[in-house]
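File shown: entry.cif. Contents: mmCIF, C-alpha atoms and all ligand atoms.
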```cif
data_query
#
loop_
_atom_site.label_atom_id
_atom_site.label_comp_id
_atom_site.auth_asym_id
_atom_site.auth_seq_id
_atom_site.Cartn_x
_atom_site.Cartn_y
_atom_site.Cartn_z
CA MET A 1 124.10 -10.71 5.20
CA GLN A 2 124.27 -8.60 2.02
CA PRO A 3 125.84 -5.13 2.43
CA ASN A 4 122.56 -3.37 1.67
CA GLU A 5 120.75 -5.53 4.26
CA SER A 6 123.18 -4.46 6.94
CA VAL A 7 122.52 -0.80 6.11
CA LYS A 8 118.75 -1.38 6.26
CA SER A 9 119.02 -3.18 9.60
CA ASP A 10 120.86 -0.17 11.08
CA PHE A 11 117.82 1.97 10.38
CA ASN A 12 115.44 -0.71 11.69
CA SER A 13 117.35 -1.01 14.94
CA THR A 14 117.46 2.75 15.47
CA ALA A 15 113.79 3.20 14.57
CA SER A 16 112.74 1.62 17.85
CA SER A 17 114.99 3.85 19.98
CA GLY A 18 112.55 6.76 19.90
CA SER A 19 113.98 8.44 23.00
CA GLN A 20 117.45 8.83 21.48
CA PHE A 21 118.61 12.18 20.07
CA ARG A 22 120.20 11.28 16.76
CA VAL A 23 123.30 13.14 15.71
CA LEU A 24 124.60 12.64 12.19
CA VAL A 25 128.24 13.69 11.80
CA GLY A 26 129.32 14.77 8.32
CA VAL A 27 133.08 14.68 7.75
CA THR A 28 134.97 16.07 4.75
CA GLY A 29 138.52 15.98 3.39
CA SER A 30 140.19 18.43 5.73
CA VAL A 31 143.13 17.43 7.88
CA ALA A 32 140.87 18.29 10.82
CA ALA A 33 139.07 15.01 10.08
CA LEU A 34 141.90 13.54 12.19
CA LYS A 35 139.72 14.65 15.12
CA LEU A 36 136.73 12.53 14.09
CA PRO A 37 137.46 9.75 16.66
CA LEU A 38 137.58 12.34 19.46
CA LEU A 39 134.43 14.10 18.27
CA VAL A 40 132.46 10.84 18.06
CA ALA A 41 133.74 9.74 21.48
CA ARG A 42 132.65 13.04 23.06
CA LEU A 43 129.24 12.89 21.39
CA LEU A 44 128.69 9.35 22.67
CA GLU A 45 129.36 10.60 26.22
CA LEU A 46 126.28 12.84 26.00
CA PRO A 47 123.28 11.11 27.61
CA GLY A 48 120.67 9.79 25.18
CA VAL A 49 122.68 10.62 22.06
CA ASP A 50 122.95 8.21 19.14
CA VAL A 51 125.60 8.89 16.48
CA GLN A 52 126.22 7.90 12.87
CA VAL A 53 128.79 9.30 10.44
CA VAL A 54 128.73 10.22 6.75
CA ALA A 55 132.20 10.61 5.27
CA THR A 56 133.24 11.94 1.89
CA ASP A 57 135.75 9.78 0.05
CA HIS A 58 138.58 12.24 0.78
CA ALA A 59 137.67 12.34 4.48
CA THR A 60 138.35 8.62 4.77
CA HIS A 61 142.10 9.32 4.30
CA PHE A 62 142.27 10.87 7.77
CA PHE A 63 140.91 8.18 10.07
CA SER A 64 140.61 4.44 10.24
CA PRO A 65 137.14 2.99 10.74
CA GLU A 66 138.37 0.84 13.64
CA GLU A 67 138.80 4.04 15.68
CA ILE A 68 135.12 4.93 15.30
CA PRO A 69 132.62 2.79 17.25
CA VAL A 70 129.58 3.85 15.18
CA ARG A 71 128.30 3.25 11.66
CA ILE A 72 130.20 5.19 9.00
CA TYR A 73 128.47 5.66 5.65
CA SER A 74 130.24 6.54 2.43
CA ASP A 75 129.24 7.05 -1.18
CA LYS A 76 129.49 3.37 -2.04
CA ASP A 77 126.83 2.55 0.59
CA GLU A 78 124.36 4.84 -1.18
CA TRP A 79 124.67 2.81 -4.36
CA GLN A 80 125.02 -0.63 -2.72
CA MET A 81 121.78 -0.06 -0.82
CA TRP A 82 119.64 0.72 -3.84
CA LYS A 83 119.03 -2.17 -6.21
CA ARG A 84 115.33 -1.89 -7.04
CA ARG A 85 112.32 0.41 -6.64
CA SER A 86 111.34 -0.87 -3.20
CA ASP A 87 114.81 -0.19 -1.73
CA PRO A 88 115.39 2.82 0.52
CA VAL A 89 117.49 5.72 -0.72
CA LEU A 90 120.27 6.19 1.81
CA HIS A 91 120.55 9.99 1.80
CA ILE A 92 116.80 10.29 2.38
CA GLU A 93 116.90 7.66 5.15
CA LEU A 94 119.74 9.54 6.83
CA ARG A 95 118.00 12.94 6.67
CA ARG A 96 114.91 11.27 8.19
CA TRP A 97 116.99 9.55 10.85
CA ALA A 98 118.95 12.58 12.04
CA ASP A 99 117.70 15.11 14.58
CA LEU A 100 120.84 17.19 14.04
CA LEU A 101 123.59 17.27 11.44
CA VAL A 102 127.03 18.50 12.43
CA ILE A 103 129.56 18.83 9.61
CA ALA A 104 132.98 18.79 11.23
CA PRO A 105 135.22 19.57 9.54
CA LEU A 106 133.59 21.36 6.62
CA ASP A 107 136.30 21.86 4.01
CA ALA A 108 136.40 24.58 1.34
CA ASN A 109 135.25 22.23 -1.40
CA THR A 110 132.11 20.97 0.35
CA LEU A 111 131.39 24.49 1.68
CA GLY A 112 131.31 25.73 -1.91
CA LYS A 113 129.15 22.81 -3.03
CA ILE A 114 126.61 23.28 -0.26
CA ALA A 115 126.45 27.04 -0.86
CA SER A 116 125.59 26.46 -4.50
CA GLY A 117 123.30 23.46 -4.05
CA ILE A 118 125.57 20.86 -5.60
CA CYS A 119 124.81 17.33 -4.42
CA ASP A 120 127.22 14.86 -6.02
CA ASN A 121 127.95 12.60 -3.05
CA LEU A 122 126.17 11.10 -0.04
CA LEU A 123 126.93 13.98 2.35
CA THR A 124 125.93 16.77 -0.03
CA CYS A 125 122.74 14.85 -0.94
CA VAL A 126 121.81 14.65 2.78
CA VAL A 127 122.42 18.40 3.06
CA ARG A 128 120.49 19.19 -0.13
CA ALA A 129 117.51 17.23 1.23
CA TRP A 130 117.89 18.63 4.76
CA ASP A 131 114.75 19.47 6.77
CA LEU A 132 115.37 23.14 7.54
CA THR A 133 113.40 22.89 10.79
CA ARG A 134 116.22 20.72 12.18
CA PRO A 135 119.58 22.13 13.26
CA LEU A 136 122.57 21.92 10.94
CA VAL A 137 125.86 22.91 12.54
CA PHE A 138 128.95 23.44 10.39
CA CYS A 139 132.58 23.77 11.43
CA PRO A 140 134.76 25.19 8.65
CA ALA A 141 138.40 24.11 8.44
CA MET A 142 140.86 25.14 5.79
CA ASN A 143 144.26 26.70 5.14
CA THR A 144 144.47 30.39 6.07
CA ALA A 145 144.87 31.46 2.44
CA MET A 146 141.68 29.59 1.53
CA TRP A 147 139.88 31.08 4.53
CA GLN A 148 140.92 34.61 3.59
CA HIS A 149 139.77 34.29 -0.02
CA PRO A 150 136.71 36.55 -0.43
CA ILE A 151 134.53 33.69 -1.70
CA THR A 152 134.71 31.98 1.70
CA ALA A 153 132.85 34.71 3.61
CA LYS A 154 130.19 34.83 0.86
CA GLN A 155 129.63 31.08 1.03
CA VAL A 156 129.55 31.01 4.84
CA ALA A 157 126.97 33.82 4.72
CA VAL A 158 124.80 31.76 2.33
CA LEU A 159 124.81 28.82 4.74
CA LYS A 160 123.87 31.11 7.63
CA GLU A 161 120.99 32.53 5.56
CA PHE A 162 119.61 28.98 5.37
CA GLY A 163 119.61 28.97 9.17
CA TYR A 164 122.67 26.74 9.52
CA VAL A 165 124.83 27.43 12.56
CA GLU A 166 128.52 28.22 12.16
CA VAL A 167 131.04 27.12 14.75
CA PRO A 168 133.75 29.57 13.67
CA CYS A 169 137.23 28.37 12.87
CA ILE A 170 140.11 29.48 15.05
CA ALA A 171 143.64 30.79 14.56
CA LYS A 172 146.58 28.53 15.25
CA LYS A 173 149.60 26.93 13.61
CA LEU A 174 148.08 24.71 10.94
CA VAL A 175 149.30 21.24 10.00
CA CYS A 176 150.66 22.67 6.70
CA GLY A 177 152.94 24.98 8.73
CA ASP A 178 151.03 28.22 8.03
CA GLU A 179 149.84 30.19 11.00
CA GLY A 180 146.51 32.01 11.15
CA LYS A 181 142.76 31.54 11.00
CA GLY A 182 141.30 28.43 9.40
CA ALA A 183 141.68 25.65 11.95
CA MET A 184 138.53 23.81 12.98
CA ALA A 185 137.07 24.88 16.32
CA GLU A 186 138.07 22.77 19.31
CA VAL A 187 136.01 19.60 19.76
CA SER A 188 134.88 20.89 23.17
CA THR A 189 133.44 24.01 21.50
CA ILE A 190 131.56 21.89 18.94
CA ILE A 191 130.16 19.69 21.71
CA ASP A 192 128.97 22.78 23.62
CA VAL A 193 127.04 23.91 20.53
CA VAL A 194 125.49 20.45 20.00
CA LYS A 195 124.45 20.38 23.67
CA GLU A 196 122.31 23.48 23.09
CA TYR A 197 120.04 21.39 20.87
CA LEU A 198 119.63 18.37 23.13
CA PRO A 199 116.10 17.96 24.44
CA ARG A 200 115.66 19.32 27.95
CA PRO A 201 114.58 16.66 30.46
CA SER A 202 110.79 16.79 30.90
CA VAL A 203 109.37 18.20 34.17
CA SER A 204 107.98 14.75 35.10
CA SER A 205 111.37 13.06 34.65
CA GLN A 206 112.99 15.82 36.73
CA ILE A 207 110.44 15.14 39.51
CA THR A 208 111.18 11.39 39.27
CA ASP A 209 114.92 12.10 39.41
CA THR A 210 114.42 14.29 42.51
CA LYS A 211 112.27 11.60 44.19
CA ASP A 212 114.86 8.96 43.36
CA SER A 213 117.66 11.00 44.83
CA VAL A 214 115.59 11.78 47.97
CA LEU A 215 114.88 8.04 48.30
CA GLY A 216 118.55 7.33 47.69
CA THR A 217 117.94 5.29 44.56
CA ALA A 218 119.70 7.65 42.11
C1 LIG A 301 146.69 16.31 3.38
C2 LIG A 301 145.56 17.19 2.91
C3 LIG A 301 144.94 18.03 3.80
C4 LIG A 301 143.89 18.85 3.37
N1 LIG A 301 143.30 19.70 4.28
C5 LIG A 301 142.32 20.51 3.86
C6 LIG A 301 141.69 21.40 4.78
O1 LIG A 301 142.02 21.45 5.97
N2 LIG A 301 140.69 22.18 4.33
C7 LIG A 301 140.28 22.17 3.02
O2 LIG A 301 139.38 22.92 2.68
N3 LIG A 301 140.84 21.32 2.12
C8 LIG A 301 141.82 20.50 2.51
N4 LIG A 301 142.40 19.62 1.62
C9 LIG A 301 141.88 19.57 0.23
C10 LIG A 301 140.62 18.70 0.15
O3 LIG A 301 140.90 17.38 0.60
C11 LIG A 301 140.11 18.68 -1.32
O4 LIG A 301 139.60 19.96 -1.64
C12 LIG A 301 139.08 17.60 -1.55
O5 LIG A 301 138.66 17.67 -2.91
C13 LIG A 301 137.88 17.73 -0.63
O6 LIG A 301 136.89 16.79 -0.99
P1 LIG A 301 135.57 16.63 -0.14
O7 LIG A 301 135.03 18.02 0.13
O8 LIG A 301 134.66 15.84 -1.01
O9 LIG A 301 135.91 15.89 1.11
C14 LIG A 301 143.45 18.80 2.02
C15 LIG A 301 144.09 17.93 1.12
C16 LIG A 301 145.13 17.15 1.56
C17 LIG A 301 145.80 16.24 0.56
#
```

Let's see the structure in the file written out as structure tokens.
Amino acid sequence: MQPNESVKSDFNSTASSGSQFRVLVGVTGSVAALKLPLLVARLLELPGVDVQVVATDHATHFFSPEEIPVRIYSDKDEWQMWKRRSDPVLHIELRRWADLLVIAPLDANTLGKIASGICDNLLTCVVRAWDLTRPLVFCPAMNTAMWQHPITAKQVAVLKEFGYVEVPCIAKKLVCGDEGKGAMAEVSTIIDVVKEYLPRPSVSSQITDTKDSVLGTA
């Protein structure tokens, strides 16, 4: 199978799973990308959740694909997929596919790019084309000095004006040795925020569940 065919077949296979809630994880070049395997594992534990990942090139330094049991897209996939007019454009396919985008971690570089509309890689193209009626959750992560720079608060405010949801960073001893605010929120906190957007079970399925448990079949 050609590389672009495998990408297309991922979308075909997910297109039939209409009951799934599709979470796209964006990951950028912060050391907090070390937590990607844990984040994906926790997301996959949520009932009815399907997950795919878009990684920037720098993000790929912090995890190995073998640790992640879902499809990971990178910039080269965008260009391998498109050969001729009839081919899908990956960043548009991904924004169509996703019910929710969570960018964890969001580093200072991609924060700045998103705030100013720059779209020079797969992840920032997905964000630039994002359907603003769908939730976009972002989890900043950077060195304390970067976090404290006045441009950070301005850029975070711009993202919030778009309706994007911040999962605030936390204070702790950072991997670089500095201590203070700038660490990505705990994975459990991010999962709690994602859970708020999961579809509530319909009344009819709740009745069925109750009947099943009364009949002892649940
Ligand atoms: C080991 C290492 C750790 C880094 N951690 C962070 C970080 O936590 N936050 C951040 O904003 N930048 C961090 N950077 C810098 C980013 O990787 C750099 O700005 C890069 O251009 C980001 O590219 P991207 O936004 O396309 O992923 C780190 C760089 C290195 C080498």

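Of the residues listed (A:Leu39, A:Ile72, A:Ile92, A:Leu122), A:Leu122 shows the shortest atom-to-atom separation from ligand LIG 301 (chain A); distances use all atoms listed in the file.
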
Contact table chain A vs ligand LIG 301 (chain A), cut-off 7 Å, shortest pair per residue, all atoms listed in the file, as CSV:
```
residue,atom,partner,partner_atom,distance
A:Thr28,CA,A:LIG301,O9,3.8
A:Gly29,CA,A:LIG301,O9,3.5
A:Ser30,CA,A:LIG301,C6,3.5
A:Val31,CA,A:LIG301,N1,4.3
A:Ala32,CA,A:LIG301,O1,5.9
A:Thr56,CA,A:LIG301,O9,4.8
A:Asp57,CA,A:LIG301,O9,6.2
A:His58,CA,A:LIG301,O9,4.5
A:Ala59,CA,A:LIG301,O9,5.2
A:Asp107,CA,A:LIG301,O2,3.5
A:Ala108,CA,A:LIG301,O2,3.7
A:Asn109,CA,A:LIG301,O7,4.5
A:Thr110,CA,A:LIG301,O7,4.2
A:Ala141,CA,A:LIG301,N2,5.1
A:Met142,CA,A:LIG301,N2,3.3
A:Asn143,CA,A:LIG301,O1,5.8
```

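You can rank A:Arg84, A:Ser19, A:Leu111, A:Asp178 by their closest distance to Ala157 (chain A) using all atoms listed in the file, and at the top of that list sits A:Leu111.
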
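Between CA of Glu166 (chain A) and CA of Phe138 (chain A) the interatomic distance comes to 5.1 Å.
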
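Candidate residues A:Val40, A:Arg128, A:Leu24, A:Glu179 were compared for distance to Pro65 (chain A), and the nearest is A:Val40, using only C-alpha atoms.
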
Of A:Ile151, A:Val23, A:Ala41, A:Leu159, the one nearest to Ala98 (chain A) when counting all atoms listed in the file is A:Val23

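The shell of residues at most 10 Å from Thr133 (chain A), with all atoms listed in the file counted and near chain neighbours (fewer than 5 positions) removed, consists of Asp99, Leu100 and Gly163 of chain A.
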
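Taking CA of Asn121 (chain A) and CA of Val194 (chain A) as endpoints, the distance between them is 24.5 Å.
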